[in-house]
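Student: Right, I'll just put the structure down here and ask away after.
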Amino acid sequence: MLKKMLCAVTASALLIQAFALPGTKNSEAVKQRILVEKVDGLRDDFMKGVDISMIDQIEKSGGKFYKASGEQEDIFEILKENGVNYVRIRLWNNPTYESDQYDKNGKLVAKKGDKMGGGNNDIETDLRIAKRIKAAGLKFMLDFHYSDFWADPGKQYMSQDWKNLSPKELENEVEKFTRETINRFVKEGAAPDSVQIGNELNSGFMWPVGQLWSNDPSVKIGGMKQFLRLLDRASKGVRSASGGDKIKVIVHLADGGKQDLYKWIFDEVKKANIDYDIIGLSFYPYWHGSMDDLKANLEMISKRYGKEMAVVETAYAFTEDNGDEQGNVFQTYSDEAHGYVPSVQGQATELRDIIATVSAVKGGCGVFWWEADSILVKGSNLSATEGNTWENQALFDFSGRVLPSLAVFNLVSGKGEVENVWGGSAKNGGGFKPYAMAEKMEVTVKPGEVPQLPQKIKAIFTNDSESLLDVSWEKIDWKNQKIGKVTVHGSVKEGDFKPLVTVNVTNRVNLIEDPSFESGKLGKWKLNGPAAASFMENNKGNAHSGKWTYKYWLGNGFKSILSQTFTEIENGTYELSVWAMGGGGENNIRLFAADYDASSKQVTAKIVNTGWQQWKIYKIKVPVTNGKATIGIYLDTLPDCWGNFDDMEFIKVD
């Protein structure tokens, strides 16, 4: 990404600001035209899959699905028509609350024994879904979580029914539960074609018995030895089930771009001679890295373990719109050189690129889109106590109408023909060209100074991917340039696209380097407080500009100070400002300045957050008389308070 950066705060000062262009609006999504190139060499049995574990709950809550024409149709028929050949469904043991649940205001939101939501995926629910999968002629993957609710690297909680079992009893129960569950599906004509024995097992499963590591030394965990024993018994549960020798067994980790993680766990799995067929990966580019990271990891896995590999979870947003009162987890993916626009075309390109990356590696056998069905329906949230955080990453719009991006599963095999607004053919190659800048750039420089314009710019191409391009800028007489804004035109070799940068010639120069935190690092900031609670967050949906912010959140209350000290600055009056937003309810948040004169006085502004995306700017005047000043943000929060800060300025105004 092109970062906001500031050179020396003395004679030469330069500030580059980047503002991402908007993607598709939800209201326009189904009207979009996309272009997806065929993936050459795609094997005939490649798993083109979706996870739609929520479907039973969504439909019971009144959710409906529609073809592109607007005609209502069964979701499984829509999936099949668009090239999907495999459906993945998670399985929880007993997804009910063990105790009454209250919100932060003390209101009862769920009673003991109530279903937890998120699909309520117990055996009976999954049987209903599995029968529909089979009736549609699709293949079926059953994803055992071995937990009552969400299991991922940060939480792998033991089922409430198993908590009092000894490790040996747990091993026996895991094998029995796995075998009997599969036999039930087989008996009812819905045999799984593949089975995940655990979900995102980076930290083990069935904590603490199968827990691989813990930050709390007081917790007694089973470690790698016990994890492998449980994994082995889960595998044996599959193999001892009816038809188990024909079922593909999958061992699944998250962080699909991290080679060291996969070596650590799968080296031990190999030593233990655990019987499995496929290594499953989660790969969300905004969390797990670049396509190059994914490909390198897949190539390592292929050579080191000789197993088949499938990305069993991926997703990307077709819009940055939010359809309910619950914020969304999506973060725009944009690294130094590449990225995707949050649009229908960008979503389609991300899916096509994932498929192409997996398919290009020996043993690459499939890709699954996570919660493709996550539309907005009251009563079908990701839990009974919160809203939907995923609706902008579904393959249907908020109301259930299929998006053009679902057609990728056909288009990668050369089936069908969908052209985007630029024309071109998926069958004959798109000839994608740059058409816009991924970030609008504004450079701030003092009069008489020559701005250091970037040698590369990140451009958006006509498949809504982003890549760096070399750029040449027109010549400007900067020595004689007057105060004001100057538009500088550039040129690239790839097509007729003309990048632009706005140079703001001014005496008002921000002394804060990286004022929008776009480096993702503390830099010259000093943090006095818990780093787990106050940190840099890469989430464009929570940013005032750019993608990064200074974020705070913790399940417990805490205090922290983020500060930076300036020395050898001119005396005079400065203005300190920051944009802030958050959920509210804190004890105290203050923007402050200190040590700016001979006294110990401070000037402060109280910050009051009022809700997500309710941005407000806070300002204070700082009378510097001793050539220095310390500025910062003070936090005193209560449990679960959260917020973001962005676009700080410290400018001499007099």
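Residue numbering restarts at 1 in every chain; chains get A, B, ... in the order shown in the structure tokens, and ligands count up from 1 in that same order.
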Got a sec: who's within 8 Å of Tyr435 of chain A, counting only C-alpha atoms, leaving out chain neighbours fewer than 2 positions off, as an MDAnalysis selection string?
Tutor: chainID A and resid 433 437 459:462 497
Student: Considering only C-alpha atoms, return as a list in words whatever protein or nucleic-acid residues lie within 10 Å of Gly585 of chain A, sequence-local ones (same chain, fewer than 6 positions apart) excluded.
Tutor: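 Close residues of Gly585 of chain A: Val608, Asn609, Thr610, Thr637, Leu638, Pro639, Asp640, Cys641 and Trp642 of chain A.
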Student: Output N, CA and C atoms for every residue in that selection, as an mmCIF file, in the first residue's frame.
Tutor:
```
data_model
loop_
_atom_site.group_PDB
_atom_site.id
_atom_site.type_symbol
_atom_site.label_atom_id
_atom_site.label_comp_id
_atom_site.auth_asym_id
_atom_site.auth_seq_id
_atom_site.Cartn_x
_atom_site.Cartn_y
_atom_site.Cartn_z
ATOM 1 N N VAL A 608 -15.793 11.452 23.682
ATOM 2 C CA VAL A 608 -16.997 10.678 23.992
ATOM 3 C C VAL A 608 -17.447 9.957 22.724
ATOM 4 N N ASN A 609 -17.321 8.653 22.714
ATOM 5 C CA ASN A 609 -17.736 7.864 21.552
ATOM 6 C C ASN A 609 -19.220 7.526 21.632
ATOM 7 N N THR A 610 -19.875 7.515 20.476
ATOM 8 C CA THR A 610 -21.330 7.327 20.455
ATOM 9 C C THR A 610 -21.804 6.213 19.536
ATOM 10 N N THR A 637 -10.821 2.360 30.433
ATOM 11 C CA THR A 637 -12.009 1.714 29.885
ATOM 12 C C THR A 637 -12.638 0.725 30.847
ATOM 13 N N LEU A 638 -13.835 0.324 30.516
ATOM 14 C CA LEU A 638 -14.553 -0.753 31.194
ATOM 15 C C LEU A 638 -14.506 -2.000 30.315
ATOM 16 N N PRO A 639 -14.893 -3.169 30.826
ATOM 17 C CA PRO A 639 -14.867 -4.384 30.008
ATOM 18 C C PRO A 639 -15.654 -4.233 28.708
ATOM 19 N N ASP A 640 -15.072 -4.738 27.627
ATOM 20 C CA ASP A 640 -15.691 -4.802 26.299
ATOM 21 C C ASP A 640 -15.890 -3.448 25.635
ATOM 22 N N CYS A 641 -15.316 -2.384 26.195
ATOM 23 C CA CYS A 641 -15.358 -1.105 25.488
ATOM 24 C C CYS A 641 -14.377 -1.158 24.314
ATOM 25 N N TRP A 642 -14.735 -0.488 23.238
ATOM 26 C CA TRP A 642 -13.900 -0.525 22.041
ATOM 27 C C TRP A 642 -13.982 0.801 21.308
#
```
Student: Please list as a PyMOL selection string every residue within 6 Å of segment 236-243 of chain A, counting only C-alpha atoms and excluding residues in the same chain fewer than 3 positions away.
Tutor: chain A and resi 175+178-179+183+233+246
Student: Please report, as number ranges by chain, each residue of segment 222-366 of chain A to which DSSP assigns helix (DSSP H, G or I) when run on this structure's backbone.
Tutor: A: 223-239, 244-246, 259-271, 285-288, 291-305, 344-359
Student: Please identify all polymer residues within 9 Å of Val450 of chain A, counting only C-alpha atoms, omitting same-chain residues fewer than 4 positions from it, and present them as an NGL selection string.
Tutor: :A and (12 or 445-446 or 477-479)
Student: May I have the residues from that selection written out with C-alpha atoms, as a PDB file, in the first residue's frame?
Tutor:
```pdb
ATOM      1  CA  SER A  12      11.830  19.396   4.189  1.00  0.00           C
ATOM      2  CA  VAL A 445       5.017  20.108   0.988  1.00  0.00           C
ATOM      3  CA  LYS A 446       6.381  23.498   2.065  1.00  0.00           C
ATOM      4  CA  ASP A 477       8.605  24.153 -11.474  1.00  0.00           C
ATOM      5  CA  TRP A 478       8.356  23.563  -7.719  1.00  0.00           C
ATOM      6  CA  LYS A 479      10.875  26.250  -6.747  1.00  0.00           C
TER       7      LYS A 479
END
```
Student: Would you give me, as a tab-separated table, each residue of segment 385-490 of chain A having an atom within 10 Å of an atom of segment 46-66 of chain A, along with its shortest atom pair and that distance in Å to one decimal, using only C-alpha atoms and sorting by chain and residue number?
Tutor:
```
residue	atom	partner	partner_atom	distance
A:Ala394	CA	A:Ile52	CA	9.8
A:Leu395	CA	A:Val50	CA	9.5
A:Phe396	CA	A:Phe65	CA	8.0
A:Asp397	CA	A:Phe65	CA	9.5
A:Ser399	CA	A:Phe65	CA	7.8
A:Gly400	CA	A:Phe65	CA	4.6
A:Arg401	CA	A:Tyr66	CA	4.5
A:Val402	CA	A:Tyr66	CA	6.1
A:Leu403	CA	A:Tyr66	CA	9.7
A:Leu406	CA	A:Val50	CA	9.9
A:Val408	CA	A:Lys48	CA	9.5
A:Phe409	CA	A:Lys48	CA	6.2
A:Asn410	CA	A:Lys48	CA	9.1
A:Val412	CA	A:Lys48	CA	9.9
```
Student: Can you pull out every residue within 6 Å of segment 302-311 of chain A, counting only C-alpha atoms, but drop anything in the same chain fewer than 3 positions away, and send it as a list of chain:residue names?
Tutor: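 My list of contacting residues is A:Ile278, A:Ile279, A:Gly280, A:Leu281, A:Ser282, A:Glu299, A:Gly363, A:Gly364, A:Cys365, A:Gly366, A:Val367.
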Student: Go ahead and save the residues from that selection, with C-alpha atoms, as a short mmCIF file (atom, residue, chain, number, x, y, z; two decimals), in the first residue's frame.
Tutor:
```
data_model
loop_
_atom_site.label_atom_id
_atom_site.label_comp_id
_atom_site.auth_asym_id
_atom_site.auth_seq_id
_atom_site.Cartn_x
_atom_site.Cartn_y
_atom_site.Cartn_z
CA ILE A 278 -6.44 -34.12 2.76
CA ILE A 279 -4.82 -31.13 4.43
CA GLY A 280 -7.44 -28.41 4.76
CA LEU A 281 -6.52 -24.73 4.97
CA SER A 282 -8.41 -21.57 5.85
CA GLU A 299 3.98 -26.24 -2.56
CA GLY A 363 -2.51 -32.31 -5.07
CA GLY A 364 -4.62 -29.15 -4.99
CA CYS A 365 -8.14 -30.52 -5.00
CA GLY A 366 -10.67 -27.89 -3.91
CA VAL A 367 -11.86 -24.51 -2.64
#
```
Student: Grab the atom CA of Leu635 of chain A to atom CA of Phe592 of chain A distance for me, in Å with one decimal place.
Tutor: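 Here the two named atoms are 10.9 Å from each other.
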Student: Report as a Markdown table the residues of segment 162-202 of chain A within 9 Å of segment 247-263 of chain A, each with its shortest atom pair and distance in Å (one decimal), using only C-alpha atoms, ordered by chain and increasing residue number.
Tutor:
```
| residue | atom | partner | partner_atom | distance |
| --- | --- | --- | --- | --- |
| A:Ala191 | CA | A:Ile247 | CA | 8.9 |
| A:Pro192 | CA | A:Ile247 | CA | 7.0 |
| A:Asp193 | CA | A:Ile247 | CA | 5.2 |
| A:Ser194 | CA | A:Lys248 | CA | 4.3 |
| A:Val195 | CA | A:Val249 | CA | 5.1 |
| A:Gln196 | CA | A:Ile250 | CA | 4.6 |
| A:Ile197 | CA | A:Val251 | CA | 6.0 |
| A:Gly198 | CA | A:His252 | CA | 6.7 |
| A:Asn199 | CA | A:His252 | CA | 5.8 |
| A:Glu200 | CA | A:Leu253 | CA | 4.1 |
| A:Leu201 | CA | A:Leu253 | CA | 5.0 |
| A:Asn202 | CA | A:Leu253 | CA | 5.5 |
```
Student: What does the structure give for the distance between atom CA of Leu468 of chain A and atom CA of Pro499 of chain A, in Å to one decimal?
Tutor: 12.0 Å
